[in-house]
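Worksheet: the structure to be examined is printed underneath.
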Amino acid sequence: MAFYMDFLDLIQSMSDVLMGFWDVHQGWEIVKSSSPLFSDRETITNAIGELLEYVQEEDKETYGVFLRKIMNGMKDSEHFVPVQEERLSVSVRLKAKHNQYIYHKIECYLMKDEDKAVTRMSMVVRALDAEEIYQLHLAQNTTNDRTPEMFLRVVDEIVKKNPQAKYALVQFDIVKFKAINEMYGEVFGDEMLNHFIESLKIICSKDQVFVRLTADVFMIMLSYETRQDILDFIEIVNSNLLGYKGITYRLVFGVAFIEDVRERLRKFGDRAALARQSIKGNALQHIAFYEEGMKNSVLTGKYIEDHMEQALENHEFVMYLQPKYSMQSGKMVGAEALVRWIQPGNGIVPPVDFIPVFEKNGFVTKMDAYIWEEACKTIRSWIDEGWEPLPISVNVSRLHLKDNQFIDVLNHLIEKYQISKNYLEIELTETADSTQISEGISLLKDSGYTLLMDDFGSGYSSLNTLKDTQFDVIKIDRGFLQDFIGSERGQKIVEHTIQMTKSIGLDLVAEGVETKEQAQFLMGCGCDTAQGFYYAKPMTVEQFNELMKMQ
């Protein structure tokens, strides 16, 4: 049961058609071929108002998203956005006879000009059958372990039809979807999710059932023969869902194999979620298969996030210092501030466990600021003792560089503890250039801080990095030394890197020096300063103070 007509014609005869359709024209198709160009925005706006009267209250928000997409696609719209699709559709309940509301699908076939602006449109309205209504509920409603009935019913029916097949669950979400909502607005986010739902209806076959778990988390059950079948399916989904309205975003997918269809599906859904979460911070990987051990990793991350604020308040984060030595005199010439998390009764939480979590969730900015103040306190204590202070280098994460307020925090601490900026050096991890990061580095430089490029040779280093750098000191990465120092050709590269760095006026520190042979080689190359286990491990401030007394 369907009728076709031009949008304006539909509106102009709305009361005649919609209210009379189910009484008089059961089973007929009403076709009107005329398709006039849109006359003006006011006509369309008034028409939309009339059509909205027939939409059930609970569906008006969904229908509003659909209509805004049409309105924004009109050339004379204040918010004109080119429409990429040839067809827009929405499923809502429309008022029928006896004030009943019946589910209908409204499809708009769009004609566009060279700017992809809508110039003409035909509309199809048809009632949904029982199966389509069920599928609509499944797609539009969220589900979880408390309300899994709809999803489980469909899965059960699929498995009964083909019990010998192998099945998997694919779970995916949009990386930083909250940021998309904040940047483009929640209406845009809703439109994006509706686009995903409509696209998945087309992509997924009857035996590939999908469900929305939360706002931007979807899950699909599918059968497969080989792992490649799953990968091929994911790439189809990925390619069709990326690039909505030209914005850039990533999808991450977690896969879990259903080992026994008789077991609770929630178990395998949890595994797919663990796989998905395991790569949320990995820019190079967007698909992960569940593996044993992922649960422990994710639980560790959750434990850390649950306790990090209290740990900061209780001063469980402790500043350690790793000395830097002059290779010529053998004396300490500075230190790098490192952080250790020491829990009363539980001992040390390894940095490899908590640093990546903090960098991912942004807590690293709070921890950095805490260590900055600990370093300033320590420098102040040396001055009060009458000792000649040694500079302490502290880390400033890239997250700080995207928000210029960090410089106010640093300057406030310098003022609060009445120390010279020469004693608080700033270490920044070598990174790909961006405007925001460059501005942050310039701000530090203009404010009079000494800048150290950490981990040179590990990431994006190139001759251009040295040519245009605002840094004062280059720290050669431990991995760079270990990779190159083992061969004659590699030693030449290290030697020339050191000589080139010094020749353009930059100081140099070699990190990760662990053997006497490495130290002698670097000294022969002209390296001035080194740090590493050969000289000293990271230590408490009290232990560092004892070394200072001995100098």
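Following the order of the structure tokens, first chain is A, next is B, and so on, with residues numbered from 1 inside each chain and ligands from 1 in the order they appear.
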Run DSSP on the backbone of this structure and report the residues of stretch 188-416 of chain A it assigns to strand (DSSP E or B), as a VMD selection string. chain A and resid 209 to 212 217 to 224 251 to 258 287 to 289 317 to 326 332 to 343 347 to 349 392 to 395
Can those selected residues be exported to a file as a short mmCIF file (atom, residue, chain, number, x, y, z; two decimals), in the first residue's frame so that it contains N, CA and C atoms?
```
data_model
loop_
_atom_site.label_atom_id
_atom_site.label_comp_id
_atom_site.auth_asym_id
_atom_site.auth_seq_id
_atom_site.Cartn_x
_atom_site.Cartn_y
_atom_site.Cartn_z
N VAL A 209 21.96 -9.44 11.74
CA VAL A 209 21.11 -8.57 12.54
C VAL A 209 21.98 -7.56 13.31
N PHE A 210 21.53 -6.30 13.33
CA PHE A 210 22.30 -5.29 14.06
C PHE A 210 21.41 -4.65 15.11
N VAL A 211 22.06 -4.08 16.11
CA VAL A 211 21.35 -3.43 17.21
C VAL A 211 22.22 -2.28 17.71
N ARG A 212 21.55 -1.24 18.19
CA ARG A 212 22.28 -0.11 18.80
C ARG A 212 22.31 -0.33 20.31
N VAL A 217 27.22 3.20 19.95
CA VAL A 217 27.78 1.84 19.94
C VAL A 217 26.78 0.89 19.28
N PHE A 218 27.23 0.22 18.22
CA PHE A 218 26.39 -0.71 17.48
C PHE A 218 27.00 -2.10 17.55
N MET A 219 26.15 -3.12 17.41
CA MET A 219 26.64 -4.49 17.37
C MET A 219 25.91 -5.26 16.28
N ILE A 220 26.66 -6.09 15.57
CA ILE A 220 26.12 -6.87 14.46
C ILE A 220 26.48 -8.34 14.69
N MET A 221 25.50 -9.22 14.52
CA MET A 221 25.80 -10.65 14.51
C MET A 221 25.76 -11.14 13.08
N LEU A 222 26.78 -11.89 12.69
CA LEU A 222 26.84 -12.40 11.32
C LEU A 222 27.46 -13.79 11.31
N SER A 223 27.15 -14.53 10.28
CA SER A 223 27.78 -15.83 10.08
C SER A 223 29.02 -15.65 9.21
N TYR A 224 29.94 -16.59 9.30
CA TYR A 224 31.19 -16.49 8.54
C TYR A 224 31.75 -17.88 8.33
N LEU A 251 36.06 4.95 13.05
CA LEU A 251 35.29 3.90 13.69
C LEU A 251 36.25 2.83 14.17
N VAL A 252 35.99 2.26 15.34
CA VAL A 252 36.81 1.14 15.82
C VAL A 252 35.90 -0.07 16.03
N PHE A 253 36.39 -1.23 15.64
CA PHE A 253 35.60 -2.46 15.64
C PHE A 253 36.25 -3.51 16.54
N GLY A 254 35.42 -4.15 17.36
CA GLY A 254 35.86 -5.29 18.15
C GLY A 254 35.09 -6.52 17.72
N VAL A 255 35.78 -7.66 17.61
CA VAL A 255 35.16 -8.90 17.12
C VAL A 255 35.33 -10.00 18.15
N ALA A 256 34.24 -10.72 18.39
CA ALA A 256 34.30 -11.91 19.26
C ALA A 256 33.61 -13.06 18.54
N PHE A 257 34.26 -14.21 18.53
CA PHE A 257 33.66 -15.41 17.94
C PHE A 257 32.68 -16.03 18.94
N ILE A 258 31.50 -16.39 18.45
CA ILE A 258 30.52 -17.07 19.31
C ILE A 258 30.89 -18.56 19.31
N ILE A 287 40.57 -2.43 13.88
CA ILE A 287 39.89 -3.70 14.08
C ILE A 287 40.69 -4.53 15.07
N ALA A 288 40.01 -5.12 16.06
CA ALA A 288 40.68 -6.00 17.01
C ALA A 288 39.81 -7.22 17.27
N PHE A 289 40.42 -8.40 17.30
CA PHE A 289 39.73 -9.63 17.66
C PHE A 289 39.99 -9.92 19.14
N PHE A 317 51.14 10.06 44.10
CA PHE A 317 52.08 10.26 43.00
C PHE A 317 53.34 10.93 43.57
N VAL A 318 54.47 10.31 43.33
CA VAL A 318 55.73 10.77 43.92
C VAL A 318 56.70 11.12 42.81
N MET A 319 57.35 12.28 42.95
CA MET A 319 58.34 12.68 41.97
C MET A 319 59.67 11.97 42.24
N TYR A 320 60.17 11.27 41.24
CA TYR A 320 61.52 10.71 41.26
C TYR A 320 62.40 11.56 40.34
N LEU A 321 63.68 11.55 40.61
CA LEU A 321 64.63 12.31 39.78
C LEU A 321 65.67 11.36 39.20
N GLN A 322 65.91 11.45 37.90
CA GLN A 322 67.00 10.71 37.28
C GLN A 322 68.10 11.69 36.92
N PRO A 323 69.30 11.53 37.50
CA PRO A 323 70.37 12.49 37.28
C PRO A 323 70.84 12.53 35.82
N LYS A 324 71.30 13.70 35.39
CA LYS A 324 72.00 13.88 34.12
C LYS A 324 73.44 14.24 34.47
N TYR A 325 74.38 13.60 33.75
CA TYR A 325 75.80 13.76 34.09
C TYR A 325 76.57 14.38 32.93
N SER A 326 77.53 15.22 33.29
CA SER A 326 78.50 15.69 32.31
C SER A 326 79.45 14.53 32.01
N MET A 332 77.06 15.58 38.29
CA MET A 332 75.66 15.81 37.95
C MET A 332 75.48 17.25 37.50
N VAL A 333 74.70 17.41 36.41
CA VAL A 333 74.45 18.76 35.89
C VAL A 333 72.96 19.05 35.79
N GLY A 334 72.13 18.11 36.22
CA GLY A 334 70.69 18.32 36.16
C GLY A 334 69.97 17.03 36.45
N ALA A 335 68.65 17.07 36.28
CA ALA A 335 67.83 15.88 36.53
C ALA A 335 66.55 15.96 35.71
N GLU A 336 66.00 14.80 35.44
CA GLU A 336 64.68 14.72 34.80
C GLU A 336 63.68 14.25 35.84
N ALA A 337 62.55 14.96 35.93
CA ALA A 337 61.50 14.57 36.87
C ALA A 337 60.65 13.47 36.25
N LEU A 338 60.49 12.39 37.00
CA LEU A 338 59.64 11.27 36.59
C LEU A 338 58.59 11.05 37.67
N VAL A 339 57.54 10.35 37.34
CA VAL A 339 56.48 10.13 38.32
C VAL A 339 56.36 8.65 38.64
N ARG A 340 56.15 8.36 39.92
CA ARG A 340 55.87 7.01 40.38
C ARG A 340 54.58 7.05 41.20
N TRP A 341 53.75 6.03 41.00
CA TRP A 341 52.49 5.93 41.76
C TRP A 341 52.70 4.86 42.82
N ILE A 342 52.72 5.27 44.08
CA ILE A 342 52.95 4.36 45.20
C ILE A 342 51.69 4.31 46.04
N GLN A 343 51.01 3.16 46.01
CA GLN A 343 49.76 2.99 46.76
C GLN A 343 50.05 2.38 48.12
N GLY A 347 51.89 -1.08 47.03
CA GLY A 347 53.17 -0.88 46.35
C GLY A 347 53.05 0.01 45.13
N ILE A 348 53.98 -0.17 44.18
CA ILE A 348 54.10 0.70 43.01
C ILE A 348 53.22 0.21 41.87
N VAL A 349 52.46 1.14 41.30
CA VAL A 349 51.73 0.86 40.07
C VAL A 349 52.67 1.19 38.91
N ILE A 392 65.91 21.12 36.83
CA ILE A 392 65.05 19.93 36.72
C ILE A 392 64.19 20.09 35.48
N SER A 393 64.22 19.09 34.62
CA SER A 393 63.36 19.14 33.42
C SER A 393 62.07 18.39 33.71
N VAL A 394 60.95 19.01 33.35
CA VAL A 394 59.63 18.41 33.57
C VAL A 394 58.93 18.23 32.24
N ASN A 395 58.03 17.28 32.18
CA ASN A 395 57.30 17.00 30.95
C ASN A 395 56.07 17.89 30.82
#
```
When DSSP works through the backbone of this structure, what residues of stretch 268-443 of chain A end up as helix (DSSP H, G or I), shown as a ChimeraX atom specification? /A:268-277,294-313,351-361,364-385,398-401,406-417,421-423,435-443
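Between A:Val155 and the residues A:Glu186, A:Glu198, A:Glu385, A:Asp207, the shortest atom-to-atom distance, using only C-alpha atoms, involves A:Asp207.
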Atom-to-atom span, atom CA of A:Val409 and atom CA of A:Gln543, Å: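 Separating atom CA of A:Val409 from atom CA of A:Gln543 is a distance of 28.1 Å.
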Identify, on the basis of only C-alpha atoms, every residue whose closest approach to A:Val494 does not exceed 10 Å; exclude the query and any residue fewer than 6 positions from it along the same chain; express the result as a list in words.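 Near neighbours after the sequence-gap exclusion: Ile476, Phe480, Leu481, Phe484, Ile485, Met500, Phe521, Leu522 and Cys525 of chain A.
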What's the separation between atom CA of A:Leu401 and atom CA of A:Met367, in Å to one decimal place?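 If I compute the distance from atom CA of A:Leu401 to atom CA of A:Met367, I get 15.0 Å.
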Close residues, A:Lys116 itself excluded, 9 Å, only C-alpha atoms, min 2 positions apart in chain, as a list in words: Gly73, Lys75, Val81, Pro82, Val83, Gln84, Met111, Lys112, Asp113, Glu114, Val118 and Thr119 of chain A
Stretch 238-247 of chain A environment, 10 Å, only C-alpha atoms, sequence neighbours closer than 2 positions dropped, as a PyMOL selection string: chain A and resi 81-84+172+174+180+184+188+191-193+195-197+199-200+203+232-236+249-253+286
Write the residues of the preceding selection, restricted to N, CA and C atoms, as a CSV table (one decimal), in the first residue's frame.
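What ended up in selection_29.csv:
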```csv
chain,number,residue,atom,x,y,z
A,81,VAL,N,23.4,22.8,3.2
A,81,VAL,CA,24.4,21.8,3.2
A,81,VAL,C,24.1,20.9,2.0
A,82,PRO,N,25.1,20.7,1.1
A,82,PRO,CA,24.9,19.8,0.0
A,82,PRO,C,24.4,18.4,0.4
A,83,VAL,N,23.4,17.9,-0.3
A,83,VAL,CA,22.9,16.6,0.0
A,83,VAL,C,23.6,15.5,-0.8
A,84,GLN,N,24.2,14.6,-0.2
A,84,GLN,CA,25.0,13.6,-0.9
A,84,GLN,C,24.1,12.5,-1.4
A,172,PHE,N,31.1,-1.9,17.2
A,172,PHE,CA,31.8,-0.7,16.8
A,172,PHE,C,31.2,0.5,17.3
A,174,ILE,N,32.0,5.2,17.4
A,174,ILE,CA,32.7,6.4,16.8
A,174,ILE,C,33.7,6.9,17.8
A,180,ILE,N,32.3,15.3,18.6
A,180,ILE,CA,31.5,15.6,17.4
A,180,ILE,C,30.3,16.3,17.8
A,184,TYR,N,29.7,20.1,16.4
A,184,TYR,CA,28.7,20.3,15.4
A,184,TYR,C,27.3,20.4,15.9
A,188,PHE,N,23.2,17.5,14.8
A,188,PHE,CA,24.0,16.9,13.8
A,188,PHE,C,24.4,15.5,14.2
A,191,GLU,N,21.5,13.2,13.6
A,191,GLU,CA,21.4,12.9,12.1
A,191,GLU,C,22.4,11.9,11.7
A,192,MET,N,23.6,12.0,12.2
A,192,MET,CA,24.7,11.1,11.9
A,192,MET,C,24.3,9.6,12.3
A,193,LEU,N,23.8,9.5,13.5
A,193,LEU,CA,23.4,8.2,14.0
A,193,LEU,C,22.2,7.6,13.2
A,195,HIS,N,21.7,8.3,10.1
A,195,HIS,CA,22.3,7.9,8.9
A,195,HIS,C,23.0,6.5,9.0
A,196,PHE,N,23.6,6.2,10.1
A,196,PHE,CA,24.2,4.9,10.4
A,196,PHE,C,23.1,3.8,10.4
A,197,ILE,N,22.0,4.1,11.1
A,197,ILE,CA,21.0,3.1,11.2
A,197,ILE,C,20.4,2.8,9.8
A,199,SER,N,21.9,3.2,6.9
A,199,SER,CA,22.9,2.5,6.1
A,199,SER,C,23.0,1.1,6.5
A,200,LEU,N,23.0,0.8,7.8
A,200,LEU,CA,23.1,-0.6,8.2
A,200,LEU,C,21.9,-1.4,7.8
A,203,ILE,N,23.1,-2.4,4.3
A,203,ILE,CA,24.3,-3.2,4.3
A,203,ILE,C,24.0,-4.6,4.8
A,232,ASP,N,36.3,-8.6,5.6
A,232,ASP,CA,35.7,-8.0,4.4
A,232,ASP,C,34.3,-7.3,4.7
A,233,PHE,N,33.5,-7.9,5.6
A,233,PHE,CA,32.3,-7.3,6.0
A,233,PHE,C,32.5,-6.0,6.7
A,234,ILE,N,33.5,-6.0,7.6
A,234,ILE,CA,33.8,-4.8,8.4
A,234,ILE,C,34.2,-3.7,7.5
A,235,GLU,N,35.0,-4.0,6.5
A,235,GLU,CA,35.5,-2.9,5.6
A,235,GLU,C,34.3,-2.3,4.8
A,236,ILE,N,33.3,-3.2,4.4
A,236,ILE,CA,32.1,-2.6,3.8
A,236,ILE,C,31.4,-1.7,4.7
A,249,TYR,N,36.3,11.4,10.9
A,249,TYR,CA,36.2,10.7,12.2
A,249,TYR,C,36.6,9.2,11.9
A,250,ARG,N,36.8,8.5,13.0
A,250,ARG,CA,37.2,7.1,12.9
A,250,ARG,C,36.2,6.2,13.6
A,251,LEU,N,36.1,5.0,13.0
A,251,LEU,CA,35.3,3.9,13.7
A,251,LEU,C,36.3,2.8,14.2
A,252,VAL,N,36.0,2.3,15.3
A,252,VAL,CA,36.8,1.1,15.8
A,252,VAL,C,35.9,-0.1,16.0
A,253,PHE,N,36.4,-1.2,15.6
A,253,PHE,CA,35.6,-2.5,15.6
A,253,PHE,C,36.2,-3.5,16.5
A,286,HIS,N,42.1,-0.2,13.6
A,286,HIS,CA,40.7,0.0,13.8
A,286,HIS,C,39.9,-1.3,13.9
```
If you count only C-alpha atoms, the residue of A:Gly440, A:Ala510, A:Lys502, A:Gln482 closest to A:Asp454 turns out to be A:Ala510
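The coordinates place atom CA of A:Ser205 at 11.3 Å from atom CA of A:Ile158.
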